[in-house]
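J.: Mind having a look at this structure? Questions to follow.
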Amino acid sequence: QLGTEAGRQGASLGQYADLLDEVSALVEHPTVYVGEFEAEFLSVPQECLILTMRANQKYFPLFDVDGKLLNRFLIVSNMALEDPSNIITGNQRVVRPRLSDARFFFEQDIKAGLTPRVVKLGAVVYHNKLGSLGDRVQRLSIVARKIAGLLGADENLANRAALLSKADLLTDMVGEFPELQGTMGRYYALAEGAFPVVAEAIEQHYRPRFAGDALPDSNIGRALALADKLDALVGFFGIGQVPTGDKDPFGLRRAALGVLRILMEAPLPLDLAALIADAVASFPPGVLTAEVDAPLFDFMLERLRNLLRDAGHAPAAVDAVLALRPTRIDLVVPKLE
């Protein structure tokens with residue numbers, strides 16, 4: 001029904017599988033109707049509107065052939081009526097305040113700016129043993145600058161991206177929709193005149209967010225993404241918070257896989273052991289109380305072993321190559337082949 005109605009509207013549904021599963025479980029007699037909202041709301045970044053409609057209202061937004069959001073959406077009702085006008089107008093009346101909120105948050109955040117929020121990061125605790133978010137962006141800046149230099153990228157731009165990378169966590173929009181962290185940072189950085197590569201890096205440093213996700217596509221973005229993930233890995237290993245069994249509250253396995261994928265798939269001519277050492281050196285003396293370098297390197301190699309086996313490489317060949325304890329991850333796959 002959704003596909004048929006989207007076709008009638010000359011539109012597409014985008015990525016909607018998760019929402020479809022949820023809505024299918026909410027209704028017994030699904031019937032699809034079309035609603036719309038004022039086109040003026042499209043001045044707000046479409047990610048905000050999409051999330052508002054999907055998460056809060058369970059609507060299916062519609063997109064044009066270029067993937068741009070339209071001011072129409074599909075409603076799945078539990079009733080088939082000859083005259084559904086009350087259902088449609090009721091839903092349109094409900095979604096309007098949600099979109100107004102999104103526009104209000106966006107406009108207020110733009111007014112306040114991104115750079116002024118950087119100073120306030122010092123008042124936000126990242127972890128009681130690892131300092132504030134302000135401390136964290138200073139560490140990211142040190143490591144991102146170093147990696148950018150090794151990759152021949154502009155260290156000043158890497159520094160700028162690192163300092164701004166967490167500022168959007170203090171915005172109203174990200175407070176309402178944490179899923180938009182990074183995405184809103186990019187919009188707000190562009191709004192205050194940042195270089196596009198800096199704005200893109202702010203969004204891309206969270207990548208890959210999940211298995212199969214796209215990787216950062218610029219050296220500034222890669223440097224910041226590596227710095228961010230290595231800082232988390234080194235910090236939590238350094239205070240004894242190592243993942244055990246199925247417990248991994250800080251997402252360190254995902255961070256490790258992200259580092260490995262960036263190094264391997266970009267590929268980047270960087271030494272993993274040296275990167276870990278640089279991240280360790282960025283912490284002030286006394287913060288890290290447990291040994292980090294060797295345990296973290298072993299942890300990364302074990303993740304790499306699983307990653308390569310899942311990719312279809314012969315287990316014996318994987319074991320043979322990893323027995324050499326390679327630090328240049330970009331050379332592992334050529335050696336396997």
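Chain identifiers are assigned as A, B, and so on, following the order in which chains appear in the structure tokens; residues are numbered from 1 within each chain, and ligands are numbered from 1 in order of appearance.
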If we count only C-alpha atoms and set the cut-off at 9 Å, which residues sit around Leu49 in chain A, ignoring sequence neighbours fewer than 6 positions away in its own chain? Please answer as a list in words.
T.: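 Residues meeting the cut-off are Phe41, Leu42, Pro61, Leu69, Arg98, Leu99, Ala102 and Arg103 of chain A.
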J.: Neighbouring residues of range 125-138 of chain A were defined as those with any atom within 10 Å, considering only C-alpha atoms; residues of the same chain fewer than 2 positions away were excluded. Please report them as a ChimeraX atom specification.
T.: /A:118-123,140-144,159,161-167,169,227-228,231-232,235-236,238-239,282-284,287-289
J.: Would you save the residues of that selection, restricted to N, CA, C and O atoms, as a short mmCIF file (atom, residue, chain, number, x, y, z; two decimals), in the first residue's frame?
T.:
```cif
data_model
loop_
_atom_site.label_atom_id
_atom_site.label_comp_id
_atom_site.auth_asym_id
_atom_site.auth_seq_id
_atom_site.Cartn_x
_atom_site.Cartn_y
_atom_site.Cartn_z
N VAL A 118 31.87 25.87 22.30
CA VAL A 118 33.08 25.07 22.55
C VAL A 118 33.57 25.32 23.98
O VAL A 118 33.96 24.38 24.68
N VAL A 119 33.52 26.57 24.42
CA VAL A 119 33.99 26.92 25.77
C VAL A 119 33.17 26.17 26.83
O VAL A 119 33.70 25.75 27.86
N LYS A 120 31.87 26.00 26.56
CA LYS A 120 30.97 25.37 27.54
C LYS A 120 31.20 23.87 27.67
O LYS A 120 30.70 23.24 28.60
N LEU A 121 31.95 23.28 26.73
CA LEU A 121 32.21 21.83 26.82
C LEU A 121 33.00 21.48 28.08
O LEU A 121 32.92 20.35 28.57
N GLY A 122 33.75 22.43 28.60
CA GLY A 122 34.53 22.20 29.81
C GLY A 122 33.67 21.90 31.03
O GLY A 122 34.13 21.32 32.01
N ALA A 123 32.39 22.30 30.97
CA ALA A 123 31.48 22.09 32.12
C ALA A 123 30.71 20.78 32.00
O ALA A 123 29.91 20.46 32.87
N LEU A 140 41.54 15.23 21.18
CA LEU A 140 41.23 14.93 19.77
C LEU A 140 42.03 15.85 18.85
O LEU A 140 42.51 15.42 17.80
N SER A 141 42.15 17.12 19.26
CA SER A 141 42.89 18.08 18.45
C SER A 141 44.35 17.65 18.28
O SER A 141 44.90 17.68 17.18
N ILE A 142 44.99 17.23 19.40
CA ILE A 142 46.40 16.81 19.35
C ILE A 142 46.58 15.63 18.38
O ILE A 142 47.46 15.65 17.50
N VAL A 143 45.73 14.61 18.54
CA VAL A 143 45.88 13.38 17.75
C VAL A 143 45.47 13.62 16.30
O VAL A 143 46.14 13.15 15.36
N ALA A 144 44.37 14.34 16.08
CA ALA A 144 43.90 14.60 14.71
C ALA A 144 44.93 15.41 13.93
O ALA A 144 45.17 15.16 12.74
N ASN A 159 42.63 20.65 13.31
CA ASN A 159 42.50 21.23 14.65
C ASN A 159 41.13 21.89 14.80
O ASN A 159 40.43 21.70 15.80
N ALA A 161 38.35 21.31 13.08
CA ALA A 161 37.30 20.29 13.08
C ALA A 161 37.22 19.59 14.43
O ALA A 161 36.13 19.34 14.96
N ALA A 162 38.38 19.29 15.02
CA ALA A 162 38.41 18.59 16.31
C ALA A 162 37.79 19.45 17.41
O ALA A 162 36.99 18.96 18.22
N LEU A 163 38.13 20.74 17.44
CA LEU A 163 37.61 21.62 18.50
C LEU A 163 36.09 21.80 18.39
O LEU A 163 35.39 21.94 19.39
N LEU A 164 35.56 21.77 17.15
CA LEU A 164 34.11 21.96 16.95
C LEU A 164 33.33 20.64 17.00
O LEU A 164 32.10 20.66 17.02
N SER A 165 34.05 19.51 17.02
CA SER A 165 33.40 18.21 16.75
C SER A 165 32.31 17.84 17.74
O SER A 165 31.37 17.14 17.39
N LYS A 166 32.42 18.30 18.99
CA LYS A 166 31.42 17.90 20.00
C LYS A 166 30.52 19.06 20.42
O LYS A 166 29.65 18.89 21.29
N ALA A 167 30.69 20.23 19.80
CA ALA A 167 29.93 21.41 20.23
C ALA A 167 28.43 21.23 19.99
O ALA A 167 27.61 21.78 20.74
N LEU A 169 26.65 18.82 20.64
CA LEU A 169 26.01 18.08 21.74
C LEU A 169 25.30 19.03 22.70
O LEU A 169 24.42 18.62 23.45
N ALA A 227 41.07 9.73 15.50
CA ALA A 227 41.37 10.34 16.80
C ALA A 227 40.25 10.08 17.79
O ALA A 227 40.48 9.73 18.96
N ASP A 228 38.99 10.24 17.35
CA ASP A 228 37.83 10.07 18.21
C ASP A 228 37.74 8.64 18.75
O ASP A 228 37.55 8.41 19.95
N ASP A 231 40.77 7.72 21.02
CA ASP A 231 40.67 8.37 22.33
C ASP A 231 39.75 7.56 23.26
O ASP A 231 40.06 7.36 24.44
N ALA A 232 38.63 7.09 22.71
CA ALA A 232 37.70 6.29 23.53
C ALA A 232 38.36 4.97 23.93
O ALA A 232 38.31 4.57 25.10
N GLY A 235 41.29 5.67 26.41
CA GLY A 235 40.78 6.18 27.67
C GLY A 235 40.17 5.07 28.53
O GLY A 235 40.51 4.93 29.71
N PHE A 236 39.27 4.28 27.94
CA PHE A 236 38.58 3.26 28.74
C PHE A 236 39.48 2.07 29.07
O PHE A 236 39.37 1.49 30.15
N GLY A 238 42.59 2.49 29.60
CA GLY A 238 43.50 3.07 30.59
C GLY A 238 42.93 3.20 31.98
O GLY A 238 43.66 3.40 32.95
N ILE A 239 41.57 3.10 32.10
CA ILE A 239 40.97 3.12 33.45
C ILE A 239 40.38 1.74 33.79
O ILE A 239 39.54 1.61 34.69
N SER A 282 48.43 11.78 24.47
CA SER A 282 47.57 12.97 24.53
C SER A 282 46.89 13.14 25.89
O SER A 282 46.34 14.20 26.19
N PHE A 283 46.89 12.08 26.72
CA PHE A 283 46.29 12.17 28.06
C PHE A 283 47.29 12.77 29.05
O PHE A 283 48.47 12.43 29.00
N PRO A 284 46.82 13.61 29.97
CA PRO A 284 47.73 14.15 30.99
C PRO A 284 48.26 13.03 31.89
O PRO A 284 47.60 12.00 32.05
N VAL A 287 46.24 10.18 34.48
CA VAL A 287 44.84 9.86 34.13
C VAL A 287 44.69 8.37 33.84
O VAL A 287 43.77 7.71 34.32
N LEU A 288 45.62 7.84 33.01
CA LEU A 288 45.56 6.42 32.65
C LEU A 288 46.32 5.62 33.70
O LEU A 288 47.53 5.78 33.88
N THR A 289 45.61 4.75 34.38
CA THR A 289 46.23 4.01 35.49
C THR A 289 46.53 2.56 35.14
O THR A 289 47.23 1.88 35.89
#
```
J.: Could you tell me, as an MDAnalysis selection string, which residues of range 5-250 of chain A DSSP assigns to helix (DSSP H, G or I) when given the backbone?
T.: chainID A and resid 5:8 17:24 39:43 46:57 85:112 115:123 133:150 155:164 167:170 172:176 178:180 183:191 196:204 219:238
J.: For CA of Glu28 in chain A and CA of Asn78 in chain A, quote the distance in Å rounded to one decimal.
T.: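 The value is 6.3 Å.
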J.: Point out the residue among A:Asp213, A:Glu203, A:Glu107, A:Glu82 with the least atom-to-atom distance to Asp172 in chain A, counting only C-alpha atoms.
T.: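 Selected residue with least distance to Asp172 in chain A: A:Glu107.
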J.: Please provide as a JSON list (two decimals) with N, CA and C atoms, in the first residue's frame all residues within 8 Å of range 174-177 of chain A, with the sequence filter that same-chain residues fewer than 6 positions apart are discarded (counting only C-alpha atoms).
T.:
```
[["chain", "number", "residue", "atom", "x", "y", "z"],
["A", 51, "LEU", "N", 13.27, 12.74, 11.01],
["A", 51, "LEU", "CA", 13.33, 12.08, 12.33],
["A", 51, "LEU", "C", 12.07, 12.40, 13.14],
["A", 168, "ASP", "N", 28.06, 20.46, 18.97],
["A", 168, "ASP", "CA", 26.61, 20.33, 18.70],
["A", 168, "ASP", "C", 25.89, 19.50, 19.76],
["A", 184, "MET", "N", 23.96, 17.72, 12.73],
["A", 184, "MET", "CA", 23.65, 19.12, 13.01],
["A", 184, "MET", "C", 24.93, 19.94, 13.14]]
```
J.: Under the rule that only C-alpha atoms are counted, which of A:Gly258, A:Ala273, A:Thr52, A:Gln241 is the nearest residue to Met173 in chain A?
T.: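 That would be A:Thr52, the residue with the smallest distance to Met173 in chain A.
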J.: Write out as a list in words the set of residues from range 74-241 of chain A that DSSP, computed on the backbone, places in strand (DSSP E or B).
T.: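 Restricting range 74-241 of chain A to strand (DSSP E or B) produces Leu74, Ile75, Val76, Ser77, Val125, Tyr126, His127, Gly131 and Ser132 of chain A.
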J.: Looking at A:Asn91, A:Tyr187, A:Pro116, A:Glu22, which one is nearest to Val44 in chain A, with distances taken over only C-alpha atoms?
T.: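 Under the stated criterion, the closest residue is A:Tyr187.
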